[in-house]
>>> print(open('query.tsv').read())   # TSV, C-alpha atoms
chain	number	residue	atom	x	y	z
H	1091	MET	CA	-16.05	-19.65	-30.21
H	1092	ILE	CA	-15.48	-18.59	-26.61
H	1093	LYS	CA	-16.24	-21.45	-24.19
H	1094	TYR	CA	-14.47	-20.09	-21.10
H	1095	PHE	CA	-13.98	-16.58	-19.80
H	1096	ASP	CA	-11.14	-15.29	-17.68
H	1097	ALA	CA	-13.00	-12.53	-15.87
H	1098	HIS	CA	-9.86	-10.91	-14.49
H	1099	THR	CA	-6.37	-11.12	-15.97
H	1100	HIS	CA	-3.38	-8.87	-16.54
H	1101	THR	CA	-1.82	-9.70	-19.88
H	1102	ASN	CA	-1.11	-5.95	-20.05
H	1103	PHE	CA	1.56	-6.36	-17.34
H	1104	ALA	CA	5.32	-6.42	-17.83
H	1105	ALA	CA	5.38	-10.15	-17.04
H	1106	TYR	CA	4.22	-10.71	-20.64
H	1107	ASN	CA	6.47	-8.25	-22.43
H	1108	GLU	CA	8.41	-11.02	-24.14
H	1109	ASP	CA	5.50	-13.17	-25.36
H	1110	ARG	CA	2.25	-11.24	-24.91
H	1111	GLU	CA	0.76	-12.10	-28.31
H	1112	GLU	CA	1.60	-15.80	-27.95
H	1113	VAL	CA	-0.15	-15.90	-24.57
H	1114	ILE	CA	-3.24	-14.15	-25.92
H	1115	LEU	CA	-3.45	-16.39	-28.99
H	1116	ARG	CA	-2.96	-19.58	-26.94
H	1117	ALA	CA	-6.07	-18.60	-25.03
H	1118	LYS	CA	-7.99	-17.93	-28.24
H	1119	ASP	CA	-7.04	-21.33	-29.67
H	1120	ALA	CA	-8.44	-22.98	-26.53
H	1121	GLY	CA	-11.71	-21.02	-26.66
H	1122	VAL	CA	-10.78	-18.73	-23.77
H	1123	GLY	CA	-11.90	-15.10	-23.78
H	1124	MET	CA	-10.44	-12.63	-21.32
H	1125	ASN	CA	-11.03	-9.41	-19.45
H	1126	VAL	CA	-7.73	-7.52	-19.25
H	1127	VAL	CA	-7.82	-5.33	-16.16
H	1128	GLY	CA	-6.05	-2.02	-15.63
H	1129	THR	CA	-4.57	-1.01	-12.30
H	1130	GLN	CA	-3.68	2.60	-13.07
H	1131	LEU	CA	-3.93	4.91	-16.07
H	1132	ASP	CA	-1.10	3.46	-18.15
H	1133	THR	CA	-2.07	-0.18	-17.64
H	1134	SER	CA	-5.69	0.76	-18.30
H	1135	LYS	CA	-4.66	2.31	-21.63
H	1136	ASP	CA	-2.72	-0.87	-22.41
H	1137	ALA	CA	-5.78	-2.98	-21.59
H	1138	VAL	CA	-7.97	-1.00	-23.99
H	1139	ALA	CA	-5.35	-1.25	-26.73
H	1140	LEU	CA	-5.30	-5.04	-26.40
H	1141	ALA	CA	-9.10	-5.23	-26.39
H	1142	GLU	CA	-9.28	-3.16	-29.55
H	1143	LYS	CA	-6.74	-5.45	-31.23
H	1144	TYR	CA	-8.18	-8.88	-30.38
H	1145	LYS	CA	-11.87	-9.82	-30.61
H	1146	HIS	CA	-11.72	-12.32	-27.73
H	1147	VAL	CA	-10.17	-9.69	-25.42
H	1148	TYR	CA	-12.08	-7.09	-23.42
H	1149	ALA	CA	-10.88	-4.36	-21.05
H	1150	THR	CA	-11.55	-2.98	-17.61
H	1151	ILE	CA	-10.22	0.45	-16.68
H	1152	GLY	CA	-9.50	1.81	-13.23
H	1153	LEU	CA	-7.15	2.62	-10.36
H	1154	HIS	CA	-6.14	-0.16	-7.98
H	1155	PRO	CA	-6.34	0.95	-4.31
H	1156	VAL	CA	-2.65	0.26	-3.70
H	1157	HIS	CA	-1.80	2.73	-6.46
H	1158	THR	CA	-3.57	5.62	-4.73
H	1159	THR	CA	-0.51	6.13	-2.50
H	1160	LYS	CA	3.19	5.27	-2.72
H	1161	SER	CA	3.59	1.55	-2.29
H	1162	TYR	CA	5.81	-1.48	-2.87
H	1163	HIS	CA	7.21	-2.35	-6.29
H	1164	ASP	CA	5.92	-5.37	-8.22
H	1165	GLU	CA	8.16	-6.29	-11.13
H	1166	LYS	CA	5.49	-8.56	-12.63
H	1167	GLU	CA	3.31	-5.51	-13.12
H	1168	LEU	CA	5.72	-2.74	-14.08
H	1169	GLY	CA	9.04	-4.42	-14.76
H	1170	PRO	CA	12.40	-3.54	-13.14
H	1171	SER	CA	12.36	-0.54	-10.85
H	1172	PHE	CA	14.52	2.39	-11.85
H	1173	ALA	CA	14.14	6.16	-11.74
H	1174	PRO	CA	16.44	8.04	-14.12
H	1175	PRO	CA	17.03	11.62	-12.90
H	1176	SER	CA	16.10	12.98	-16.33
H	1177	HIS	CA	12.53	11.72	-16.03
H	1178	LYS	CA	9.87	12.94	-13.64
H	1179	ALA	CA	8.32	10.36	-11.35
H	1180	SER	CA	4.84	11.41	-12.38
H	1181	GLU	CA	5.54	10.27	-15.92
H	1182	GLY	CA	6.16	6.70	-14.76
H	1183	HIS	CA	8.47	5.91	-17.69
H	1184	GLY	CA	12.19	5.96	-18.32
H	1185	LYS	CA	15.13	3.99	-19.67
H	1186	ASP	CA	17.46	1.68	-17.80
H	1187	SER	CA	21.25	1.63	-18.06
H	1188	LYS	CA	20.99	-0.32	-21.33
H	1189	GLY	CA	18.64	2.21	-22.88
H	1190	LYS	CA	15.58	-0.06	-22.75
H	1191	GLU	CA	12.17	1.41	-22.17
H	1192	GLY	CA	10.68	0.66	-18.78
H	1193	LYS	CA	8.42	1.91	-16.03
H	1194	GLU	CA	9.20	3.08	-12.55
H	1195	GLY	CA	7.84	1.15	-9.61
H	1196	PHE	CA	5.02	2.37	-7.49
H	1197	THR	CA	7.51	3.42	-4.85
H	1198	SER	CA	7.96	6.52	-7.05
H	1199	ARG	CA	4.38	7.76	-7.08
H	1200	GLY	CA	0.78	7.56	-5.99
H	1201	GLU	CA	-1.80	8.23	-8.69
H	1202	VAL	CA	-4.64	10.70	-8.24
H	1203	PHE	CA	-7.75	9.42	-10.02
H	1204	ASN	CA	-8.17	11.47	-13.20
H	1205	VAL	CA	-11.90	11.31	-13.88
H	1206	ALA	CA	-11.72	12.87	-17.34
H	1207	ALA	CA	-8.93	10.57	-18.54
H	1208	TYR	CA	-10.65	7.41	-17.34
H	1209	GLU	CA	-14.03	8.55	-18.68
H	1210	ALA	CA	-12.47	9.03	-22.12
H	1211	LEU	CA	-11.04	5.51	-21.98
H	1212	GLY	CA	-14.36	4.14	-20.76
H	1213	LYS	CA	-16.16	5.30	-23.89
H	1214	SER	CA	-14.51	2.54	-25.89
H	1215	PRO	CA	-17.11	-0.15	-26.63
H	1216	ARG	CA	-14.44	-2.70	-25.69
H	1217	VAL	CA	-14.45	-1.56	-22.05
H	1218	ILE	CA	-16.75	-3.82	-20.05
H	1219	ALA	CA	-16.19	-2.66	-16.46
H	1220	VAL	CA	-14.60	-0.09	-14.16
H	1221	GLY	CA	-11.86	-1.24	-11.81
H	1222	GLU	CA	-10.10	-2.89	-10.33
H	1223	CYS	CA	-11.21	-0.53	-7.63
H	1224	GLY	CA	-11.98	-0.93	-3.98
H	1225	LEU	CA	-10.14	-1.19	-0.69
H	1226	ASP	CA	-6.86	-2.94	0.11
H	1227	TYR	CA	-5.99	-3.01	3.81
H	1228	TYR	CA	-3.39	-5.76	3.49
H	1229	ARG	CA	-0.37	-3.46	3.33
H	1230	SER	CA	-1.99	-0.11	4.10
H	1231	ASP	CA	-1.97	1.89	7.29
H	1232	GLU	CA	-4.77	4.06	8.67
H	1233	SER	CA	-3.49	7.16	6.86
H	1234	THR	CA	-4.18	5.63	3.44
H	1235	LYS	CA	-7.72	4.38	4.03
H	1236	GLU	CA	-9.51	7.66	3.38
H	1237	ILE	CA	-7.53	8.18	0.17
H	1238	GLN	CA	-8.55	4.70	-0.99
H	1239	LYS	CA	-12.19	5.32	-0.09
H	1240	ASN	CA	-12.32	8.61	-2.01
H	1241	ALA	CA	-10.81	7.02	-5.13
H	1242	PHE	CA	-13.26	4.13	-4.79
H	1243	ILE	CA	-16.26	6.44	-4.64
H	1244	GLN	CA	-15.04	8.37	-7.70
H	1245	GLN	CA	-14.78	5.14	-9.67
H	1246	ILE	CA	-18.23	4.00	-8.56
H	1247	GLU	CA	-19.60	7.31	-9.79
H	1248	LEU	CA	-17.81	6.82	-13.11
H	1249	ALA	CA	-19.27	3.32	-13.43
H	1250	ASN	CA	-22.72	4.77	-12.73
H	1251	LYS	CA	-22.20	7.39	-15.45
H	1252	LEU	CA	-20.92	4.89	-18.01
H	1253	GLY	CA	-23.50	2.28	-17.08
H	1254	LYS	CA	-20.81	-0.38	-16.68
H	1255	PRO	CA	-20.31	-2.88	-13.84
H	1256	LEU	CA	-17.67	-2.61	-11.15
H	1257	MET	CA	-14.65	-4.88	-10.85
H	1258	LEU	CA	-13.92	-4.90	-7.13
H	1259	HIS	CA	-10.58	-5.46	-5.44
H	1260	ILE	CA	-11.13	-5.95	-1.72
H	1261	ARG	CA	-8.38	-7.28	0.50
H	1262	PRO	CA	-8.62	-7.42	4.29
H	1263	SER	CA	-5.73	-6.79	6.64
H	1264	VAL	CA	-3.60	-9.77	7.67
H	1265	ALA	CA	-5.42	-10.09	10.99
H	1266	ASN	CA	-8.77	-10.35	9.23
H	1267	ALA	CA	-7.73	-12.24	6.12
H	1268	MET	CA	-10.22	-15.03	6.76
H	1269	ALA	CA	-12.71	-13.21	8.97
H	1270	GLY	CA	-14.11	-11.13	6.13
H	1271	LYS	CA	-14.09	-7.99	8.25
H	1272	ASN	CA	-12.96	-4.38	7.79
H	1273	ALA	CA	-12.20	-4.01	4.07
H	1274	TYR	CA	-15.24	-6.05	3.00
H	1275	GLU	CA	-17.59	-4.34	5.45
H	1276	ASP	CA	-16.28	-0.89	4.56
H	1277	ALA	CA	-16.63	-1.63	0.84
H	1278	LEU	CA	-20.20	-2.84	1.27
H	1279	GLU	CA	-21.11	0.37	3.08
H	1280	ILE	CA	-19.66	2.49	0.27
H	1281	ILE	CA	-21.31	0.41	-2.47
H	1282	LYS	CA	-24.73	0.60	-0.84
H	1283	ALA	CA	-24.40	4.37	-0.48
H	1284	HIS	CA	-23.13	5.15	-3.98
H	1285	ALA	CA	-23.48	2.36	-6.55
H	1286	LYS	CA	-26.28	2.25	-9.10
H	1287	VAL	CA	-24.63	-0.62	-10.96
H	1288	LYS	CA	-23.71	-4.17	-9.97
H	1289	GLY	CA	-20.40	-5.92	-10.50
H	1290	ASP	CA	-18.01	-8.66	-9.50
H	1291	VAL	CA	-15.96	-9.25	-6.36
H	1292	HIS	CA	-12.63	-10.25	-7.88
H	1293	PHE	CA	-10.48	-12.89	-6.10
H	1294	PHE	CA	-13.06	-13.37	-3.36
H	1295	ALA	CA	-11.32	-14.30	-0.11
H	1296	GLY	CA	-13.98	-13.83	2.56
H	1297	ASP	CA	-16.16	-16.32	4.40
H	1298	TRP	CA	-19.71	-17.43	3.61
H	1299	GLY	CA	-21.19	-14.72	5.84
H	1300	ILE	CA	-19.60	-11.89	3.87
H	1301	ALA	CA	-20.23	-13.70	0.58
H	1302	LYS	CA	-23.98	-13.69	1.25
H	1303	LYS	CA	-23.93	-9.93	1.77
H	1304	PHE	CA	-22.48	-9.36	-1.69
H	1305	LEU	CA	-24.76	-11.92	-3.30
H	1306	ASP	CA	-27.76	-10.26	-1.67
H	1307	ILE	CA	-27.00	-6.98	-3.47
H	1308	GLY	CA	-26.50	-8.73	-6.81
H	1309	PHE	CA	-22.71	-8.90	-7.03
H	1310	THR	CA	-21.07	-12.03	-8.42
H	1311	LEU	CA	-18.03	-13.67	-6.82
H	1312	SER	CA	-15.02	-14.74	-8.89
H	1313	PHE	CA	-12.43	-17.30	-7.91
H	1314	THR	CA	-8.84	-17.92	-8.98
H	1315	GLY	CA	-6.44	-20.85	-9.10
H	1316	VAL	CA	-6.18	-20.63	-5.30
H	1317	ILE	CA	-9.17	-22.98	-5.08
H	1318	THR	CA	-7.11	-25.69	-6.79
H	1319	PHE	CA	-4.67	-25.91	-3.88
H	1320	THR	CA	-6.57	-24.82	-0.77
H	1321	HIS	CA	-9.97	-25.68	0.71
H	1322	ASP	CA	-10.38	-22.32	2.48
H	1323	TYR	CA	-13.15	-21.19	0.13
H	1324	ASP	CA	-14.96	-24.47	-0.50
H	1325	GLU	CA	-17.94	-23.45	1.64
H	1326	VAL	CA	-18.53	-20.32	-0.43
H	1327	VAL	CA	-18.08	-22.13	-3.76
H	1328	LYS	CA	-20.52	-24.85	-2.68
H	1329	ASN	CA	-23.18	-22.57	-1.23
H	1330	ALA	CA	-23.25	-19.73	-3.74
H	1331	PRO	CA	-25.73	-20.10	-6.62
H	1332	LEU	CA	-23.87	-21.34	-9.70
H	1333	ASP	CA	-25.30	-18.45	-11.72
H	1334	MET	CA	-23.49	-16.01	-9.39
H	1335	LEU	CA	-19.97	-17.40	-9.86
H	1336	LEU	CA	-17.25	-16.30	-12.30
H	1337	SER	CA	-13.86	-17.82	-13.14
H	1338	GLU	CA	-10.62	-15.87	-13.33
H	1339	THR	CA	-6.85	-16.33	-13.26
H	1340	ASP	CA	-5.55	-12.97	-11.96
H	1341	ALA	CA	-2.59	-13.91	-14.17
H	1342	PRO	CA	0.35	-13.67	-13.87
H	1343	TYR	CA	-0.37	-14.52	-10.22
H	1344	VAL	CA	-1.74	-17.59	-8.34
H	1345	THR	CA	-1.09	-20.26	-10.96
H	1346	PRO	CA	-3.45	-23.23	-10.49
H	1347	VAL	CA	-2.58	-26.89	-10.08
H	1348	PRO	CA	-1.13	-28.61	-12.16
H	1349	PHE	CA	0.92	-25.60	-13.34
H	1350	ARG	CA	2.17	-24.38	-9.95
H	1351	GLY	CA	5.62	-22.84	-10.10
H	1352	LYS	CA	5.10	-21.42	-13.57
H	1353	ARG	CA	3.82	-18.01	-14.66
H	1354	ASN	CA	0.04	-18.03	-14.86
H	1355	GLU	CA	-1.89	-17.15	-18.04
H	1356	PRO	CA	-5.55	-16.93	-19.18
H	1357	LEU	CA	-5.41	-20.38	-20.77
H	1358	HIS	CA	-5.38	-21.86	-17.26
H	1359	VAL	CA	-8.81	-20.50	-16.36
H	1360	GLN	CA	-10.14	-23.89	-17.46
H	1361	GLU	CA	-8.56	-25.37	-14.32
H	1362	VAL	CA	-10.47	-22.88	-12.18
H	1363	VAL	CA	-13.75	-23.89	-13.83
H	1364	ARG	CA	-12.84	-27.54	-13.27
H	1365	ALA	CA	-12.14	-26.85	-9.59
H	1366	ILE	CA	-15.48	-25.06	-9.16
H	1367	ALA	CA	-17.28	-28.05	-10.69
H	1368	ASN	CA	-15.36	-30.53	-8.52
H	1369	ILE	CA	-15.95	-28.61	-5.29
H	1370	ARG	CA	-19.67	-28.39	-6.03
H	1371	GLY	CA	-19.88	-32.00	-7.20
H	1372	GLU	CA	-21.31	-30.92	-10.54
H	1373	ASP	CA	-20.68	-31.92	-14.13
H	1374	PHE	CA	-17.80	-29.96	-15.65
H	1375	GLU	CA	-19.65	-29.23	-18.89
H	1376	LYS	CA	-22.71	-27.96	-17.03
H	1377	ALA	CA	-20.57	-25.72	-14.81
H	1378	SER	CA	-18.52	-24.35	-17.71
H	1379	ILE	CA	-21.61	-23.48	-19.75
H	1380	GLN	CA	-23.25	-21.69	-16.81
H	1381	ILE	CA	-20.10	-19.77	-15.81
H	1382	MET	CA	-19.65	-18.61	-19.41
H	1383	ALA	CA	-23.29	-17.49	-19.45
H	1384	ASN	CA	-22.69	-15.60	-16.20
H	1385	SER	CA	-19.78	-13.74	-17.77
H	1386	ARG	CA	-21.89	-12.78	-20.77
H	1387	ARG	CA	-24.65	-11.49	-18.48
H	1388	VAL	CA	-22.49	-9.57	-16.01
H	1389	PHE	CA	-20.31	-7.85	-18.61
H	1390	GLY	CA	-22.85	-7.58	-21.44
H	1391	LEU	CA	-20.55	-9.41	-23.85
H	1392	ASP	CA	-23.31	-10.19	-26.35
H	1393	LYS	CA	-23.92	-6.47	-26.85
H	1394	ILE	CA	-20.35	-5.82	-27.96
H	1395	VAL	CA	-19.39	-6.03	-31.62
>>> encode(input="query.tsv", output="structure tokens")
Amino acid sequence: MIKYFDAHTHTNFAAYNEDREEVILRAKDAGVGMNVVGTQLDTSKDAVALAEKYKHVYATIGLHPVHTTKSYHDEKELGPSFAPPSHKASEGHGKDSKGKEGKEGFTSRGEVFNVAAYEALGKSPRVIAVGECGLDYYRSDESTKEIQKNAFIQQIELANKLGKPLMLHIRPSVANAMAGKNAYEDALEIIKAHAKVKGDVHFFAGDWGIAKKFLDIGFTLSFTGVITFTHDYDEVVKNAPLDMLLSETDAPYVTPVPFRGKRNEPLHVQEVVRAIANIRGEDFEKASIQIMANSRRVFGLDKIV
């Protein structure tokens, strides 16, 4: 029986290549279900494959805004960066000097959103959302913003067509990291103009003012292990209705206390639920039951066989 739900995790990433099944089964044994989120076409395919293999695993498919243009390389996502001359960058795969299969970093490419390919993936009954899509101004410059916006709109339109919620990735620039400006405001404008579905604001990092704007249009807010070691978001966690909050790990990133310094995994979403309950001054059992119910409602989990 699923008692907790990790609304946003990446067990499809290279960080789990050595022990992926063990990580997924540890979560199952603890009553933790998970939403494995794609960030581009290949990781979206991997997410669907995992969801079709394990009953407590679901998938989200989409193109992360940082993947719409050439960007930095994250080994936790794609593994070691290498680009053998015999393989085209657009393929995103190759072999290292030892002959092992691997994937090139995002320094080698920027993905154009392939509507037909993602729509085909989205027809799987195990796909519960479209994303993570949105706007990321943290590392971007002005020249990339329009590309991100166009990809975002295409994914909103796909979500509308599939009738599935959005999984939003919105990250402000460094200057506005706590002000909740630019990326959040731009995303809200696009959502209001194009979205016919609701969704979740993954890894919410804005203030209460911006939080209210998303809550007012029916979007839930999800929090990660960050709330176990900083008080920056306590006001939002306290003031938001409990039935509009979700728990997530964003694993392998932002490992919660008391596991700081180790790779994160879906099992640890329980610590996020505990932190939400503590910040709100509510009973842990009450909070965990409600947050699980929220996940079922937002993603339509009860409708999936």
>>> closest_residue(input="query.tsv", among="H:Glu1165, H:Val1347, H:Asn1204, H:Lys1376", to="Asn1107 (chain H)", atoms="all atoms listed in the file")
H:Glu1165
>>> atom_distance(input="query.tsv", atom1="CA of Val1126 (chain H)", atom2="CA of Thr1101 (chain H)")
6.3 Å
>>> residues_around(input="query.tsv", residues="region 1243-1247 of chain H", least_positions_apart="5", cutoff="8 Å", atoms="all atoms listed in the file", output="MDAnalysis selection string")
chainID H and resid 1152 1203 1205 1220:1221 1223 1256 1280:1281 1284:1285
>>> residues_around(input="query.tsv", residues="Gly1128 (chain H)", least_positions_apart="6", cutoff="10 Å", atoms="all atoms listed in the file", output="ChimeraX atom specification")
/H:1098-1103,1134-1138,1149-1154,1220-1223
>>> closest_residue(input="query.tsv", among="H:Asp1392, H:Glu1325, H:Asp1231, H:Asp1132", to="Val1156 (chain H)", atoms="only C-alpha atoms")
H:Asp1231
>>> closest_residue(input="query.tsv", among="H:Arg1387, H:Lys1251, H:Arg1370, H:Lys1143", to="Gly1289 (chain H)", atoms="all atoms listed in the file")
H:Arg1387
>>> closest_residue(input="query.tsv", among="H:Asn1272, H:Asn1329, H:Gln1360, H:Gln1130", to="Thr1158 (chain H)", atoms="all atoms listed in the file")
H:Gln1130
>>> residues_around(input="query.tsv", residues="Met1091 (chain H)", least_positions_apart="2", cutoff="12 Å", atoms="all atoms listed in the file", output="PDB file with C-alpha atoms, in the coordinates of the input")
ATOM      1  CA  LYS H1093     -16.240 -21.450 -24.190  1.00  0.00           C
ATOM      2  CA  TYR H1094     -14.470 -20.090 -21.100  1.00  0.00           C
ATOM      3  CA  PHE H1095     -13.980 -16.580 -19.800  1.00  0.00           C
ATOM      4  CA  ALA H1117      -6.070 -18.600 -25.030  1.00  0.00           C
ATOM      5  CA  LYS H1118      -7.990 -17.930 -28.240  1.00  0.00           C
ATOM      6  CA  ASP H1119      -7.040 -21.330 -29.670  1.00  0.00           C
ATOM      7  CA  ALA H1120      -8.440 -22.980 -26.530  1.00  0.00           C
ATOM      8  CA  GLY H1121     -11.710 -21.020 -26.660  1.00  0.00           C
ATOM      9  CA  VAL H1122     -10.780 -18.730 -23.770  1.00  0.00           C
ATOM     10  CA  GLY H1123     -11.900 -15.100 -23.780  1.00  0.00           C
ATOM     11  CA  LYS H1145     -11.870  -9.820 -30.610  1.00  0.00           C
ATOM     12  CA  HIS H1146     -11.720 -12.320 -27.730  1.00  0.00           C
ATOM     13  CA  MET H1382     -19.650 -18.610 -19.410  1.00  0.00           C
TER      14      MET H1382
END
>>> atom_distance(input="query.tsv", atom1="CA of His1292 (chain H)", atom2="CA of Asp1096 (chain H)")
11.1 Å
>>> residues_around(input="query.tsv", residues="Ser1233 (chain H)", least_positions_apart="5", cutoff="12 Å", atoms="all atoms listed in the file", output="list in words")
Thr1158, Thr1159, Lys1160, Tyr1227, Gln1238 and Lys1239 of chain H
>>> closest_residue(input="query.tsv", among="H:Leu1131, H:Ala1139, H:Ala1277, H:Leu1336", to="Ala1206 (chain H)", atoms="all atoms listed in the file")
H:Leu1131
